[in-house]
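Asker: Structure in structure tokens, see below.
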Amino acid sequence: YIPKLKLKKFFKKKKYIREISLIGDYLLCFHKDFSKSSVLASLKYCKGLKYFLTDFLNSQNDIEQFISKCKENEDENGFIKSTFFDFKKNIKYQFISGPFTNMIFNIIQENKLSIKAIIGNYTATVSKDQNLFRPV
């Protein structure tokens with residue numbers, strides 16, 4: 001499983017859409033034989049595999065919760081929606097898509113569909129569906 005984000009960026013009055021993985025180069029996969037140490041030892045040296053997460057058996061509940069949260073917050077095309085992210089006041093965020101890309105802001109108020117934010121000296125109301133942000 002590879003959760004993906006769809007980023008919309010504006011450059012010179014044109015809109016560009018880019019897909020990125022939420023977890024970078026990682027992918028999450030399940031097989032019943034992954035619990036066998038001999039299978040893990042043989043997979044460790046597969047061509048193209050950068051890293052095999054060790055001690056994953058102790059983190060199965062966390063991994064399952066993460067995957068279910070991702071699945072709950074996917075749109076019809078399989079991309080993560082902005083509802084996946086939890087927003088907190090008094091924390092700085094950065095837009096990663098939309099017309100305010102790379103701008104840093106603080107959240108003043110939040111509701112289901114939008115957030116009210118301070119961007120520099122300006123206050124703006126921004127749609128959660130059309131813009132993605134991350135904590136800075």
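Going by the structure tokens order, chains are called A, B, ..., each with residues numbered from 1, while ligands are numbered from 1 in the order shown.
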Name the residues in contact with region 59-66 of chain A at a cut-off of 12 Å, using only C-alpha atoms, excluding same-chain residues fewer than 2 positions from it; report them as a list in words.

Answerer: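 My list of contacting residues is Tyr1, Ile2, Pro3, Leu22, Ile23, Leu27, Leu28, Cys29, Phe30, Phe34, Ser35, Leu53, Thr54, Asp55, Phe56, Leu57, Ser68, Lys69, Cys70, Lys71, Glu72, Asn73, Phe84 and Phe85 of chain A.
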
Asker: Which residues in region 61-136 of chain A does DSSP call strand (DSSP E or B)? List them as an MDAnalysis selection string.

Answerer: chainID A and resid 74 79:80 92:95 98 104:110 114:119 122:127 133:135

Asker: So, counting only C-alpha atoms, which residue among A:Asp75, A:Pro135, A:Lys128, A:Ala41 is closest to Ile91 (chain A)?

Answerer: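 Smallest distance to Ile91 (chain A) is found for A:Pro135.
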
Asker: With a distance cut-off of 9 Å and only C-alpha atoms, select the neighbouring residues of Ser21 (chain A), excluding the residue or stretch itself and same-chain residues fewer than 4 positions from it, and output the selection as a PDB file with all heavy atoms, in the first residue's frame.

Answerer:
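So the final result, stored in result-v4.pdb, reads:
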ATOM      1  N   ILE A   2       0.616   2.154  -0.904  1.00  0.00           N
ATOM      2  CA  ILE A   2       1.367   3.401  -1.000  1.00  0.00           C
ATOM      3  C   ILE A   2       0.367   4.559  -0.999  1.00  0.00           C
ATOM      4  O   ILE A   2      -0.259   4.838  -2.025  1.00  0.00           O
ATOM      5  CB  ILE A   2       2.222   3.457  -2.286  1.00  0.00           C
ATOM      6  CG1 ILE A   2       3.141   2.257  -2.376  1.00  0.00           C
ATOM      7  CG2 ILE A   2       3.011   4.754  -2.342  1.00  0.00           C
ATOM      8  CD1 ILE A   2       3.872   2.136  -3.700  1.00  0.00           C
ATOM      9  N   PRO A   3       0.181   5.228   0.144  1.00  0.00           N
ATOM     10  CA  PRO A   3      -0.734   6.375   0.162  1.00  0.00           C
ATOM     11  C   PRO A   3      -0.130   7.559  -0.596  1.00  0.00           C
ATOM     12  O   PRO A   3       1.038   7.864  -0.441  1.00  0.00           O
ATOM     13  CB  PRO A   3      -0.888   6.682   1.649  1.00  0.00           C
ATOM     14  CG  PRO A   3       0.312   6.096   2.302  1.00  0.00           C
ATOM     15  CD  PRO A   3       0.750   4.941   1.456  1.00  0.00           C
ATOM     16  N   LYS A   4      -0.946   8.188  -1.458  1.00  0.00           N
ATOM     17  CA  LYS A   4      -0.450   9.275  -2.306  1.00  0.00           C
ATOM     18  C   LYS A   4      -1.257  10.543  -2.111  1.00  0.00           C
ATOM     19  O   LYS A   4      -2.446  10.514  -1.810  1.00  0.00           O
ATOM     20  CB  LYS A   4      -0.524   8.869  -3.774  1.00  0.00           C
ATOM     21  CG  LYS A   4       0.441   7.782  -4.150  1.00  0.00           C
ATOM     22  CD  LYS A   4       0.399   7.534  -5.625  1.00  0.00           C
ATOM     23  CE  LYS A   4       1.416   6.473  -5.988  1.00  0.00           C
ATOM     24  NZ  LYS A   4       1.437   6.237  -7.432  1.00  0.00           N
ATOM     25  N   LEU A   5      -0.569  11.666  -2.321  1.00  0.00           N
ATOM     26  CA  LEU A   5      -1.176  12.990  -2.307  1.00  0.00           C
ATOM     27  C   LEU A   5      -1.158  13.543  -3.723  1.00  0.00           C
ATOM     28  O   LEU A   5      -0.219  13.297  -4.479  1.00  0.00           O
ATOM     29  CB  LEU A   5      -0.377  13.950  -1.425  1.00  0.00           C
ATOM     30  CG  LEU A   5      -0.367  13.718   0.061  1.00  0.00           C
ATOM     31  CD1 LEU A   5       0.677  14.614   0.713  1.00  0.00           C
ATOM     32  CD2 LEU A   5      -1.728  14.007   0.650  1.00  0.00           C
ATOM     33  N   LYS A   6      -2.185  14.306  -4.069  1.00  0.00           N
ATOM     34  CA  LYS A   6      -2.205  15.005  -5.348  1.00  0.00           C
ATOM     35  C   LYS A   6      -1.967  16.476  -5.044  1.00  0.00           C
ATOM     36  O   LYS A   6      -2.769  17.116  -4.380  1.00  0.00           O
ATOM     37  CB  LYS A   6      -3.541  14.826  -6.050  1.00  0.00           C
ATOM     38  CG  LYS A   6      -3.573  15.440  -7.442  1.00  0.00           C
ATOM     39  CD  LYS A   6      -4.936  15.327  -8.072  1.00  0.00           C
ATOM     40  CE  LYS A   6      -5.122  13.950  -8.638  1.00  0.00           C
ATOM     41  NZ  LYS A   6      -6.335  13.861  -9.476  1.00  0.00           N
ATOM     42  N   ASP A  25       9.790   6.992   0.050  1.00  0.00           N
ATOM     43  CA  ASP A  25      10.196   5.796  -0.688  1.00  0.00           C
ATOM     44  C   ASP A  25       9.642   4.502  -0.099  1.00  0.00           C
ATOM     45  O   ASP A  25       9.881   3.433  -0.628  1.00  0.00           O
ATOM     46  CB  ASP A  25      11.726   5.675  -0.693  1.00  0.00           C
ATOM     47  CG  ASP A  25      12.370   6.698  -1.596  1.00  0.00           C
ATOM     48  OD1 ASP A  25      11.652   7.315  -2.391  1.00  0.00           O
ATOM     49  OD2 ASP A  25      13.588   6.887  -1.499  1.00  0.00           O
ATOM     50  N   TYR A  26       8.932   4.585   0.994  1.00  0.00           N
ATOM     51  CA  TYR A  26       8.425   3.386   1.658  1.00  0.00           C
ATOM     52  C   TYR A  26       7.140   2.890   1.000  1.00  0.00           C
ATOM     53  O   TYR A  26       6.409   3.640   0.388  1.00  0.00           O
ATOM     54  CB  TYR A  26       8.108   3.672   3.135  1.00  0.00           C
ATOM     55  CG  TYR A  26       9.326   3.885   3.982  1.00  0.00           C
ATOM     56  CD1 TYR A  26       9.819   5.159   4.205  1.00  0.00           C
ATOM     57  CD2 TYR A  26       9.982   2.810   4.567  1.00  0.00           C
ATOM     58  CE1 TYR A  26      10.926   5.357   4.994  1.00  0.00           C
ATOM     59  CE2 TYR A  26      11.092   3.007   5.358  1.00  0.00           C
ATOM     60  CZ  TYR A  26      11.563   4.282   5.567  1.00  0.00           C
ATOM     61  OH  TYR A  26      12.665   4.475   6.344  1.00  0.00           O
TER      62      TYR A  26
END

Asker: Which neighbours of region 115-126 of chain A fall inside 8 Å, counting only C-alpha atoms, when residues of the same chain fewer than 6 positions from it are skipped, and could you give them as a list in words?

Answerer: Met103, Ile104, Phe105, Asn106, Ile107, Ile108 and Gln109 of chain A

Asker: Can those selected residues be exported to a file as a PDB file, in the first residue's frame so that it contains N, CA and C atoms?

Answerer:
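Printed below is again07.pdb as written:
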ATOM      1  N   MET A 103       3.827  29.126   1.225  1.00  0.00           N
ATOM      2  CA  MET A 103       3.614  30.210   2.181  1.00  0.00           C
ATOM      3  C   MET A 103       3.306  29.625   3.558  1.00  0.00           C
ATOM      4  N   ILE A 104       3.790  30.291   4.589  1.00  0.00           N
ATOM      5  CA  ILE A 104       3.604  29.823   5.967  1.00  0.00           C
ATOM      6  C   ILE A 104       2.465  30.622   6.600  1.00  0.00           C
ATOM      7  N   PHE A 105       1.645  29.916   7.395  1.00  0.00           N
ATOM      8  CA  PHE A 105       0.485  30.563   8.004  1.00  0.00           C
ATOM      9  C   PHE A 105       0.167  29.963   9.371  1.00  0.00           C
ATOM     10  N   ASN A 106      -0.678  30.659  10.117  1.00  0.00           N
ATOM     11  CA  ASN A 106      -1.222  30.178  11.392  1.00  0.00           C
ATOM     12  C   ASN A 106      -2.727  30.038  11.250  1.00  0.00           C
ATOM     13  N   ILE A 107      -3.294  29.034  11.876  1.00  0.00           N
ATOM     14  CA  ILE A 107      -4.737  28.820  11.832  1.00  0.00           C
ATOM     15  C   ILE A 107      -5.405  29.638  12.929  1.00  0.00           C
ATOM     16  N   ILE A 108      -6.415  30.398  12.544  1.00  0.00           N
ATOM     17  CA  ILE A 108      -7.209  31.164  13.505  1.00  0.00           C
ATOM     18  C   ILE A 108      -8.462  30.387  13.873  1.00  0.00           C
ATOM     19  N   GLN A 109      -9.119  29.847  12.833  1.00  0.00           N
ATOM     20  CA  GLN A 109     -10.385  29.173  13.029  1.00  0.00           C
ATOM     21  C   GLN A 109     -10.496  28.053  12.010  1.00  0.00           C
TER      22      GLN A 109
END

Asker: Find the residues around Arg18 (chain A) up to 10 Å (only C-alpha atoms counted), leave out those fewer than 3 positions away in its own chain, and share them as a PyMOL selection string.

Answerer: chain A and resi 5-9+15+97

Asker: Using all heavy atoms, can you export the residues from the last selection as a PDB file, in the first residue's frame?

Answerer:
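Listed below is the output, out.pdb:
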ATOM      1  N   LEU A   5      -0.569  11.666  -2.321  1.00  0.00           N
ATOM      2  CA  LEU A   5      -1.176  12.990  -2.307  1.00  0.00           C
ATOM      3  C   LEU A   5      -1.158  13.543  -3.723  1.00  0.00           C
ATOM      4  O   LEU A   5      -0.219  13.297  -4.479  1.00  0.00           O
ATOM      5  CB  LEU A   5      -0.377  13.950  -1.425  1.00  0.00           C
ATOM      6  CG  LEU A   5      -0.367  13.718   0.061  1.00  0.00           C
ATOM      7  CD1 LEU A   5       0.677  14.614   0.713  1.00  0.00           C
ATOM      8  CD2 LEU A   5      -1.728  14.007   0.650  1.00  0.00           C
ATOM      9  N   LYS A   6      -2.185  14.306  -4.069  1.00  0.00           N
ATOM     10  CA  LYS A   6      -2.205  15.005  -5.348  1.00  0.00           C
ATOM     11  C   LYS A   6      -1.967  16.476  -5.044  1.00  0.00           C
ATOM     12  O   LYS A   6      -2.769  17.116  -4.380  1.00  0.00           O
ATOM     13  CB  LYS A   6      -3.541  14.826  -6.050  1.00  0.00           C
ATOM     14  CG  LYS A   6      -3.573  15.440  -7.442  1.00  0.00           C
ATOM     15  CD  LYS A   6      -4.936  15.327  -8.072  1.00  0.00           C
ATOM     16  CE  LYS A   6      -5.122  13.950  -8.638  1.00  0.00           C
ATOM     17  NZ  LYS A   6      -6.335  13.861  -9.476  1.00  0.00           N
ATOM     18  N   LEU A   7      -0.830  16.992  -5.492  1.00  0.00           N
ATOM     19  CA  LEU A   7      -0.470  18.389  -5.253  1.00  0.00           C
ATOM     20  C   LEU A   7      -0.803  19.229  -6.467  1.00  0.00           C
ATOM     21  O   LEU A   7      -0.481  18.868  -7.599  1.00  0.00           O
ATOM     22  CB  LEU A   7       1.018  18.521  -4.953  1.00  0.00           C
ATOM     23  CG  LEU A   7       1.537  17.810  -3.723  1.00  0.00           C
ATOM     24  CD1 LEU A   7       3.021  18.073  -3.568  1.00  0.00           C
ATOM     25  CD2 LEU A   7       0.802  18.255  -2.488  1.00  0.00           C
ATOM     26  N   LYS A   8      -1.460  20.363  -6.212  1.00  0.00           N
ATOM     27  CA  LYS A   8      -1.754  21.320  -7.274  1.00  0.00           C
ATOM     28  C   LYS A   8      -0.887  22.547  -7.030  1.00  0.00           C
ATOM     29  O   LYS A   8      -0.979  23.173  -5.991  1.00  0.00           O
ATOM     30  CB  LYS A   8      -3.227  21.705  -7.247  1.00  0.00           C
ATOM     31  CG  LYS A   8      -4.141  20.545  -7.516  1.00  0.00           C
ATOM     32  CD  LYS A   8      -5.577  20.942  -7.333  1.00  0.00           C
ATOM     33  CE  LYS A   8      -6.452  19.710  -7.407  1.00  0.00           C
ATOM     34  NZ  LYS A   8      -7.810  19.974  -6.977  1.00  0.00           N
ATOM     35  N   LYS A   9      -0.033  22.848  -7.985  1.00  0.00           N
ATOM     36  CA  LYS A   9       0.849  24.007  -7.864  1.00  0.00           C
ATOM     37  C   LYS A   9       0.576  24.963  -9.012  1.00  0.00           C
ATOM     38  O   LYS A   9       0.261  24.543 -10.113  1.00  0.00           O
ATOM     39  CB  LYS A   9       2.310  23.575  -7.888  1.00  0.00           C
ATOM     40  CG  LYS A   9       2.684  22.711  -6.711  1.00  0.00           C
ATOM     41  CD  LYS A   9       4.158  22.739  -6.478  1.00  0.00           C
ATOM     42  CE  LYS A   9       4.440  21.960  -5.213  1.00  0.00           C
ATOM     43  NZ  LYS A   9       5.607  22.358  -4.547  1.00  0.00           N
ATOM     44  N   LYS A  15      -1.587  25.832 -13.895  1.00  0.00           N
ATOM     45  CA  LYS A  15      -1.782  24.880 -12.812  1.00  0.00           C
ATOM     46  C   LYS A  15      -1.128  23.550 -13.188  1.00  0.00           C
ATOM     47  O   LYS A  15      -1.368  23.010 -14.264  1.00  0.00           O
ATOM     48  CB  LYS A  15      -3.277  24.683 -12.574  1.00  0.00           C
ATOM     49  CG  LYS A  15      -3.600  23.795 -11.421  1.00  0.00           C
ATOM     50  CD  LYS A  15      -5.067  23.919 -11.054  1.00  0.00           C
ATOM     51  CE  LYS A  15      -5.824  22.699 -11.409  1.00  0.00           C
ATOM     52  NZ  LYS A  15      -7.226  22.732 -11.010  1.00  0.00           N
ATOM     53  N   SER A  97       0.142  22.899  -1.641  1.00  0.00           N
ATOM     54  CA  SER A  97      -0.554  22.940  -2.919  1.00  0.00           C
ATOM     55  C   SER A  97      -1.449  24.169  -2.950  1.00  0.00           C
ATOM     56  O   SER A  97      -1.687  24.795  -1.921  1.00  0.00           O
ATOM     57  CB  SER A  97      -1.382  21.672  -3.132  1.00  0.00           C
ATOM     58  OG  SER A  97      -2.512  21.666  -2.297  1.00  0.00           O
TER      59      SER A  97
END

Asker: Between A:Phe133, A:Phe100, A:Phe79, A:Tyr93, which is the closest to Glu19 (chain A) once you count only C-alpha atoms?

Answerer: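 Distance minimum relative to Glu19 (chain A) lands on A:Phe79.
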
Asker: Quick one: pick out all alpha helix (DSSP H) residues within region 15-118 of chain A from a backbone DSSP run and write them as a PyMOL selection string.

Answerer: chain A and resi 37-43+60-72

Asker: Looking at only C-alpha atoms, which of A:Gln130, A:Val136, A:Asn111, A:Ile67 is the one that sits closest to Gln94 (chain A)?

Answerer: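 Distance minimum relative to Gln94 (chain A) lands on A:Val136.
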
Asker: Can you tell me how far CA of Leu132 (chain A) sits from CA of Lys81 (chain A), in Å to one decimal?

Answerer: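 It comes out at 8.2 Å.
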
Asker: Work out how far apart CA of Ser114 (chain A) and CA of Ser127 (chain A) are and give it in Å to one decimal.

Answerer: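 Between CA of Ser114 (chain A) and CA of Ser127 (chain A) the gap works out to 4.3 Å.
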
Asker: Of the candidates A:Lys44, A:Arg134, A:Lys32, A:Ile20, which shows the shortest atom-to-atom distance to Lys92 (chain A), using only C-alpha atoms?

Answerer: A:Arg134

Asker: If you measure from CA of Phe95 (chain A) to CA of Glu74 (chain A), what distance in Å do you get, rounded to one decimal?

Answerer: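 Rounded to one decimal, the two atoms are 19.4 Å apart.
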